[in-house]
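Enquirer: Supplied structure: protein07.csv, CSV, C-alpha atoms.
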```
chain,number,residue,atom,x,y,z
A,1,MET,CA,46.0,-89.7,101.0
A,2,PRO,CA,48.9,-91.0,98.8
A,3,PRO,CA,51.2,-93.6,100.3
A,4,ILE,CA,54.2,-92.4,102.2
A,5,GLU,CA,57.4,-93.4,100.3
A,6,MET,CA,60.3,-94.4,102.3
A,7,PRO,CA,63.6,-93.3,100.6
A,8,ARG,CA,66.0,-96.1,99.8
A,9,ALA,CA,68.4,-97.3,97.2
A,10,PRO,CA,67.0,-99.8,94.8
A,11,ALA,CA,67.5,-103.3,96.0
A,12,VAL,CA,68.9,-105.8,93.5
A,13,GLN,CA,66.9,-109.0,93.5
A,14,PRO,CA,68.5,-112.5,93.1
A,15,ASN,CA,67.4,-112.5,89.5
A,16,GLY,CA,69.3,-109.2,88.9
A,17,ALA,CA,66.1,-107.0,88.7
A,18,THR,CA,65.7,-104.0,91.0
A,19,ALA,CA,62.8,-103.9,93.4
A,20,ALA,CA,60.0,-101.4,93.2
A,21,THR,CA,60.0,-98.5,95.6
A,22,LEU,CA,59.0,-99.7,99.1
A,23,THR,CA,56.2,-97.7,100.7
A,24,ALA,CA,55.0,-97.8,104.3
A,25,ASP,CA,51.7,-99.5,103.3
A,26,ASP,CA,53.5,-102.2,101.2
A,27,THR,CA,51.9,-105.6,102.1
A,28,ARG,CA,55.4,-107.2,102.1
A,29,LEU,CA,56.2,-105.3,105.3
A,30,GLY,CA,53.8,-107.6,107.1
A,31,ALA,CA,56.5,-110.4,107.0
A,32,TRP,CA,59.1,-107.9,108.3
A,33,ARG,CA,56.9,-106.8,111.2
A,34,ALA,CA,55.9,-110.4,112.0
A,35,PHE,CA,59.6,-111.4,112.1
A,36,LEU,CA,60.5,-108.5,114.4
A,37,GLU,CA,57.6,-109.2,116.8
A,38,ALA,CA,58.2,-113.0,116.8
A,39,HIS,CA,61.9,-112.5,117.4
A,40,ALA,CA,61.3,-110.0,120.3
A,41,ARG,CA,58.7,-112.2,121.9
A,42,VAL,CA,60.5,-115.5,121.5
A,43,THR,CA,63.9,-114.2,122.7
A,44,ARG,CA,62.2,-112.6,125.7
A,45,ARG,CA,60.6,-115.9,126.6
A,46,LEU,CA,63.9,-117.8,126.1
A,47,ASP,CA,65.7,-115.2,128.2
A,48,ASP,CA,63.1,-115.4,131.0
A,49,GLU,CA,63.3,-119.2,131.1
A,50,LEU,CA,67.1,-119.3,131.3
A,51,ARG,CA,67.1,-116.6,134.0
A,52,ALA,CA,64.5,-118.4,136.1
A,53,GLU,CA,66.0,-121.9,135.8
A,54,HIS,CA,69.7,-121.2,135.5
A,55,GLY,CA,70.4,-117.6,136.5
A,56,LEU,CA,71.8,-117.0,132.9
A,57,SER,CA,70.6,-114.4,130.4
A,58,LEU,CA,70.2,-115.4,126.8
A,59,ALA,CA,73.2,-113.3,125.9
A,60,GLU,CA,75.3,-115.1,128.6
A,61,TYR,CA,74.1,-118.5,127.3
A,62,ASP,CA,75.0,-117.5,123.8
A,63,ALA,CA,78.5,-116.4,124.8
A,64,LEU,CA,79.1,-119.7,126.6
A,65,LEU,CA,77.8,-121.5,123.5
A,66,GLN,CA,80.0,-119.6,121.1
A,67,LEU,CA,83.0,-120.4,123.3
A,68,ALA,CA,82.1,-124.1,123.6
A,69,ARG,CA,81.9,-124.3,119.8
A,70,SER,CA,85.3,-122.6,119.2
A,71,PRO,CA,88.6,-124.3,118.9
A,72,GLY,CA,90.2,-124.6,122.3
A,73,ARG,CA,86.9,-123.3,123.8
A,74,LYS,CA,88.3,-119.7,123.5
A,75,LEU,CA,87.7,-116.7,121.3
A,76,ARG,CA,89.2,-113.2,121.0
A,77,MET,CA,86.9,-110.7,122.7
A,78,ASN,CA,86.2,-108.9,119.4
A,79,GLN,CA,85.3,-112.1,117.7
A,80,LEU,CA,83.0,-113.1,120.5
A,81,ALA,CA,81.4,-109.6,120.4
A,82,ASP,CA,80.7,-110.0,116.7
A,83,ARG,CA,79.3,-113.5,117.1
A,84,ILE,CA,76.8,-112.5,119.7
A,85,VAL,CA,76.2,-109.0,118.3
A,86,LEU,CA,77.4,-106.9,121.2
A,87,SER,CA,79.5,-103.7,121.3
A,88,ARG,CA,83.0,-104.0,122.6
A,89,SER,CA,81.9,-102.4,125.9
A,90,GLY,CA,78.9,-104.7,126.0
A,91,ILE,CA,81.1,-107.8,125.6
A,92,THR,CA,83.4,-106.5,128.3
A,93,ARG,CA,80.6,-106.2,130.8
A,94,LEU,CA,79.2,-109.6,129.8
A,95,ILE,CA,82.5,-111.3,130.2
A,96,ASP,CA,83.1,-109.6,133.5
A,97,ARG,CA,79.8,-111.1,134.8
A,98,LEU,CA,80.7,-114.6,133.5
A,99,SER,CA,84.2,-114.3,134.9
A,100,SER,CA,82.9,-113.3,138.3
A,101,ALA,CA,80.7,-116.4,138.3
A,102,GLY,CA,83.7,-118.6,137.3
A,103,LEU,CA,82.2,-119.6,134.0
A,104,VAL,CA,84.8,-117.8,131.8
A,105,GLU,CA,88.5,-116.8,132.2
A,106,ARG,CA,90.3,-114.0,130.5
A,107,ALA,CA,93.6,-114.8,128.8
A,108,HIS,CA,96.2,-112.9,126.8
A,109,CYS,CA,96.0,-113.8,123.1
A,110,ALA,CA,99.1,-115.9,122.1
A,111,SER,CA,99.0,-114.6,118.6
A,112,ASP,CA,98.6,-110.9,119.4
A,113,ALA,CA,99.9,-109.4,122.7
A,114,ARG,CA,97.4,-106.5,122.4
A,115,GLY,CA,94.4,-108.9,122.2
A,116,ALA,CA,92.5,-110.6,125.0
A,117,GLU,CA,90.6,-113.9,124.8
A,118,ALA,CA,87.7,-115.3,126.7
A,119,VAL,CA,88.2,-118.9,127.7
A,120,LEU,CA,85.3,-121.3,128.8
A,121,THR,CA,86.0,-122.9,132.1
A,122,ARG,CA,84.9,-126.5,133.1
A,123,GLN,CA,82.3,-124.9,135.3
A,124,GLY,CA,81.1,-122.8,132.4
A,125,LEU,CA,80.8,-125.8,130.2
A,126,GLU,CA,78.8,-127.7,132.8
A,127,ARG,CA,76.5,-124.7,133.3
A,128,LEU,CA,76.0,-124.4,129.5
A,129,ARG,CA,75.2,-128.1,129.2
A,130,ALA,CA,72.6,-127.8,132.0
A,131,ALA,CA,71.1,-124.7,130.6
A,132,SER,CA,71.0,-126.1,127.1
A,133,THR,CA,68.1,-128.4,128.1
A,134,THR,CA,66.0,-125.4,129.1
A,135,HIS,CA,67.0,-123.5,126.0
A,136,LEU,CA,66.3,-126.3,123.5
A,137,ARG,CA,63.0,-127.0,125.2
A,138,GLY,CA,62.1,-123.4,124.8
A,139,VAL,CA,63.1,-123.3,121.1
A,140,GLU,CA,61.0,-126.4,120.6
A,141,THR,CA,58.0,-125.0,122.5
A,142,HIS,CA,58.1,-121.4,121.2
A,143,PHE,CA,59.3,-121.9,117.6
A,144,ILE,CA,59.9,-125.4,116.1
A,145,GLY,CA,56.7,-126.9,117.6
A,146,ILE,CA,54.6,-124.1,116.1
A,147,VAL,CA,55.9,-123.9,112.6
A,148,SER,CA,55.2,-126.7,110.1
A,149,ALA,CA,58.2,-128.7,108.8
A,150,ALA,CA,57.7,-127.3,105.3
A,151,ASP,CA,57.6,-123.8,106.6
A,152,LEU,CA,60.7,-124.4,108.8
A,153,ASP,CA,62.7,-125.3,105.8
A,154,ALA,CA,61.5,-122.2,104.0
A,155,VAL,CA,62.1,-120.0,107.0
A,156,GLY,CA,65.6,-121.5,107.4
A,157,ARG,CA,66.5,-121.0,103.8
A,158,ALA,CA,65.2,-117.4,103.7
A,159,LEU,CA,66.7,-116.2,107.0
A,160,GLY,CA,70.0,-118.0,106.2
A,161,GLU,CA,70.2,-116.0,103.0
A,162,VAL,CA,69.3,-112.8,104.8
A,163,ALA,CA,72.1,-113.5,107.4
A,164,ILE,CA,74.7,-114.2,104.7
A,165,ARG,CA,73.9,-111.1,102.8
A,166,ALA,CA,73.8,-108.9,105.9
A,167,CYS,CA,77.3,-110.2,106.9
A,168,GLN,CA,78.9,-109.7,103.5
A,169,GLY,CA,81.4,-106.9,103.6
A,170,GLN,CA,81.0,-106.4,107.3
A,171,ARG,CA,84.0,-108.3,108.6
A,172,ALA,CA,87.3,-106.4,108.5
A,173,ASP,CA,89.2,-109.1,110.5
A,174,GLY,CA,88.5,-111.9,108.0
A,175,ASP,CA,86.6,-114.0,110.5
A,176,PRO,CA,83.7,-115.7,108.8
A,177,CYS,CA,80.1,-115.1,109.8
A,178,PRO,CA,79.4,-117.1,113.0
A,179,PRO,CA,77.6,-120.4,112.5
A,180,ALA,CA,73.9,-120.4,113.2
A,181,ASP,CA,73.9,-123.4,115.5
A,182,HIS,CA,72.4,-123.3,119.0
A,183,GLY,CA,72.7,-126.9,120.1
A,184,VAL,CA,75.3,-128.1,122.6
A,185,ASP,CA,77.4,-131.2,122.1
A,186,ALA,CA,80.7,-129.8,123.1
```
Spell out the structure here as structure tokens.
Expert:
Amino acid sequence: MPPIEMPRAPAVQPNGATAATLTADDTRLGAWRAFLEAHARVTRRLDDELRAEHGLSLAEYDALLQLARSPGRKLRMNQLADRIVLSRSGITRLIDRLSSAGLVERAHCASDARGAEAVLTRQGLERLRAASTTHLRGVETHFIGIVSAADLDAVGRALGEVAIRACQGQRADGDPCPPADHGVDA
């Protein structure tokens, strides 16, 4: 049986050449599938650990982290949604939960009366700092401790490039792509 060809536009490689047509049995898809499976399994583990030890989901942890890393520990709701990859309605529900727990407050945007901002509270920062120990331990256990140092460098460079290219042309508000930093020192 001939391979099934998946229709797509020719991809331009870094050297300017176009890639061959990708087929469903292309061996290069193994890396893609491994990435998807690893991402799903590791994020599930990290989420489970944060929920069990701190009552926070991984998305809630990420929202608190993005706020802690932002000037004034606040972000417009649309910027926060973009940084943690949620829809506008998804970020509203997430901020509602964090606000009910006293970890975040809503504020009117000083520069745009139509906009709303999420602001990290002192309690939210304390909860983030406590949860960061669990999160970083999980990242070490489920990812960094498994991948060799040489492979970590290669994975970091490759996925960094993928993230940059995926973000290009996607931001209408001029906000740069969010930083890929998951530590807490705020």
Enquirer: Between atom CA of A:Ala81 and atom CA of A:Arg137, what is the distance, to one decimal in Å?
Expert: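 These two atoms are separated by 25.8 Å.
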Enquirer: Out of A:Glu161, A:Glu53, A:Glu117, A:Glu140, which residue has the shortest atom-to-atom distance to A:Ser70 when counting only C-alpha atoms?
Expert: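 Closest candidate: A:Glu117.
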Enquirer: Out of A:Leu103, A:Val85, A:Ala52, A:Ile91, which residue has the shortest atom-to-atom distance to A:Cys167 when counting all atoms listed in the file?
Expert: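 So, comparing all the options, the nearest one is A:Val85.
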Enquirer: Pick out the residues sitting within 8 Å of stretch 125-133 of chain A, and hand them over as an NGL selection string; count all atoms listed in the file, and ignore anything fewer than 5 positions along from it in its own chain.
Expert: :A and (50 or 53-54 or 61 or 64-65 or 68 or 103 or 120 or 183-184)
Enquirer: For the atom pair atom CA of A:Asp151 and atom CA of A:Thr134, what is the interatomic distance in Å to one decimal place?
Expert: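 Atom-to-atom, atom CA of A:Asp151 and atom CA of A:Thr134 are spaced 24.1 Å apart.
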Enquirer: My list of candidates is A:Leu152, A:Cys109, A:Ala163, A:Leu94. Which is closest to A:Lys74 when distances are computed with only C-alpha atoms?
Expert: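 Looking at the shortest contact to A:Lys74, the residue is A:Cys109.
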Enquirer: For a test of reading the model, state the distance in Å between atom CA of A:Arg165 and atom CA of A:Trp32, rounded to one decimal.
Expert: 16.1 Å
Enquirer: Which polymer residues have any atom within 6 Å of an atom of stretch 38-48 of chain A, counting all atoms listed in the file, with same-chain residues fewer than 4 positions away left out, as a list in words?
Expert: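 Those residues are Ala34, Ser57 and Leu58 of chain A.
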Enquirer: Looking at A:Ala31, A:Leu98, A:Val104, A:Ala149, which one is nearest to A:Arg122, with distances taken over only C-alpha atoms?
Expert: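 Using only C-alpha atoms, the shortest distance to A:Arg122 belongs to A:Val104.
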